[in-house]
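Colleague: Quick one: the structure is below, and I'll ask about it shortly.
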Amino acid sequence: MTAAPTPSRPSRPSRPIRRARARGPHRLNGPVLGLALALGFGAAGPLALPAAAHEITAGSFEIIHPMIPLPPRGAKTAAGYMAIANEGDTPDTLVGIETAIARRAEVHGTQMDGTVAKMQAVPRLEIPAGETVLLEPGGLHVMLMGLTGPLAEGDMIPATLVFDRAGRVEIEFMVDPADGGGAMDHMSHGN
Ligand SMILES: [Cu+2]
């Protein structure tokens with residue numbers, strides 16, 4: 001990592017952050033592409049899948065490309081995004097997110113109040129049966145507060161999603177290139 005010096009070393013995460021091997025663009029295929037198409041993600045869609053996308057399958061859940069746009073150096077917060085597909089016939093609820101990269105992680109919703117986007121915690125995020133919930137810039141997102149270490153593009157950040165029924169689902173956020181827009185708004189939203 002080409003990192004700013006870390007004044008105090010954060011306690012070691014139980015699962016080490018691993019750096020993804022440099023990977024060139026590769027074709028998406030299989031379920032990710034199928035789902036992406038089913039969701040209507042075009043190449044320039046709202047959640048255009050980047051060259052290196054990944055997914056996690058756990059039970060009837062498919063977690064598609066959890067990612068964190070690279071935050072500015074020194075940022076204390078970052079936002080995480082993903083698509084959560086519940087392919088089962090039972091609704092479930094996302095009740096928590098844990099990761100060693102942040103002191104606190106929570107799901108936020110975004111609502112417009114006049115022209116001001118306001119975010120609020122969503123402690124229970126329902127994932128209806130047979131549906132896919134998108135966490136994407138400008139909408140629902142994972143707020144990572146109090147980053148415990150620097151992030152670098154290509155890092156894979158272990159995290160755990162906690163569902164009411166399905167229990168704990170291990171994922172990895174991929175650190176993607178910085179995005180120009182929406183996510184930067186998070187940087188100014190405190191607490
Ligand atoms: Cu937020």
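By order in the structure tokens, chains are A, B, ...; within a chain, residues start at 1; ligands start at 1, following the order shown.
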Which residues are near ligand 1 - at most 8 Å, using only C-alpha atoms and all ligand atoms? Format: as an MDAnalysis selection string.
Modeller: chainID A and resid 79 107:110 119:121 141:143 186 189
Colleague: What does the file look like for those residues with C-alpha atoms, as a PDB file, in the first residue's frame?
Modeller:
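What follows is the written file selection_8.pdb:
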```pdb
ATOM      1  CA  ALA A  79     -19.048   4.230   1.718  1.00  0.00           C
ATOM      2  CA  VAL A 107     -26.484   0.776   6.649  1.00  0.00           C
ATOM      3  CA  HIS A 108     -27.635   4.240   5.710  1.00  0.00           C
ATOM      4  CA  GLY A 109     -30.510   5.388   3.614  1.00  0.00           C
ATOM      5  CA  THR A 110     -30.496   8.634   1.680  1.00  0.00           C
ATOM      6  CA  MET A 119     -28.678  10.138   5.511  1.00  0.00           C
ATOM      7  CA  GLN A 120     -30.030   8.120   8.309  1.00  0.00           C
ATOM      8  CA  ALA A 121     -29.212   4.766   9.798  1.00  0.00           C
ATOM      9  CA  HIS A 141     -25.102   2.336   1.360  1.00  0.00           C
ATOM     10  CA  VAL A 142     -22.842   0.970   4.018  1.00  0.00           C
ATOM     11  CA  MET A 143     -21.285   3.785   5.999  1.00  0.00           C
ATOM     12  CA  HIS A 186     -20.395  10.967   2.472  1.00  0.00           C
ATOM     13  CA  HIS A 189     -21.435  13.628   6.798  1.00  0.00           C
TER      14      HIS A 189
END
```
Colleague: If you take only C-alpha atoms and a cut-off of 9 Å, which residues of range 71-140 of chain A touch range 153-174 of chain A, and what are their nearest atom pairs and distances in Å to one decimal, in chain and number order, as a tab-separated table?
Modeller:
```
residue	atom	partner	partner_atom	distance
A:Gly80	CA	A:Phe173	CA	7.5
A:Tyr81	CA	A:Phe173	CA	8.4
A:Met82	CA	A:Phe173	CA	8.6
A:Pro91	CA	A:Arg165	CA	8.7
A:Asp92	CA	A:Arg165	CA	6.0
A:Thr93	CA	A:Asp164	CA	5.4
A:Leu94	CA	A:Phe163	CA	4.5
A:Val95	CA	A:Phe163	CA	5.6
A:Gly96	CA	A:Val162	CA	4.9
A:Ile97	CA	A:Leu161	CA	4.7
A:Glu98	CA	A:Thr160	CA	5.1
A:Thr99	CA	A:Ala159	CA	4.4
A:Ala100	CA	A:Ala159	CA	7.4
A:Ile101	CA	A:Ile157	CA	7.2
```
Colleague: Between A:Thr77, A:Pro150, A:Ile68, A:Val175, which is the closest to Pro137 in chain A once you count only C-alpha atoms?
Modeller: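 For Pro137 in chain A, the nearest of the given residues is A:Ile68.
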Colleague: Which residue out of A:Gly130, A:Ala78, A:Val116, A:Ala105 has the minimum interatomic distance to Ser60 in chain A when only C-alpha atoms are used?
Modeller: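 Ranking A:Gly130, A:Ala78, A:Val116, A:Ala105 by distance to Ser60 in chain A, first place goes to A:Gly130.
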Colleague: Can you list, as an mmCIF file with N, CA and C atoms, in the first residue's frame, every protein, DNA or RNA residue that comes within 7 Å of Pro69 in chain A when you count only C-alpha atoms, leaving out same-chain residues fewer than 4 positions away?
Modeller:
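Contents of part-v8.cif, freshly written:
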```cif
data_model
loop_
_atom_site.group_PDB
_atom_site.id
_atom_site.type_symbol
_atom_site.label_atom_id
_atom_site.label_comp_id
_atom_site.auth_asym_id
_atom_site.auth_seq_id
_atom_site.Cartn_x
_atom_site.Cartn_y
_atom_site.Cartn_z
ATOM 1 N N VAL A 175 -11.806 -2.773 -3.065
ATOM 2 C CA VAL A 175 -11.583 -1.324 -3.148
ATOM 3 C C VAL A 175 -11.406 -0.960 -4.616
ATOM 4 N N ASP A 176 -12.392 -0.232 -5.104
ATOM 5 C CA ASP A 176 -12.431 0.137 -6.515
ATOM 6 C C ASP A 176 -11.852 1.541 -6.701
ATOM 7 N N PRO A 177 -11.616 1.925 -7.954
ATOM 8 C CA PRO A 177 -11.143 3.291 -8.190
ATOM 9 C C PRO A 177 -12.106 4.311 -7.594
ATOM 10 N N ALA A 178 -11.567 5.440 -7.199
ATOM 11 C CA ALA A 178 -12.405 6.504 -6.658
ATOM 12 C C ALA A 178 -13.462 6.875 -7.684
ATOM 13 N N ASP A 179 -14.664 7.150 -7.191
ATOM 14 C CA ASP A 179 -15.670 7.637 -8.135
ATOM 15 C C ASP A 179 -15.730 9.151 -8.026
#
```
Colleague: By how many Å are CA of Gly149 in chain A and CA of Met67 in chain A apart?
Modeller: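 Going from CA of Gly149 in chain A over to CA of Met67 in chain A, I get 16.3 Å.
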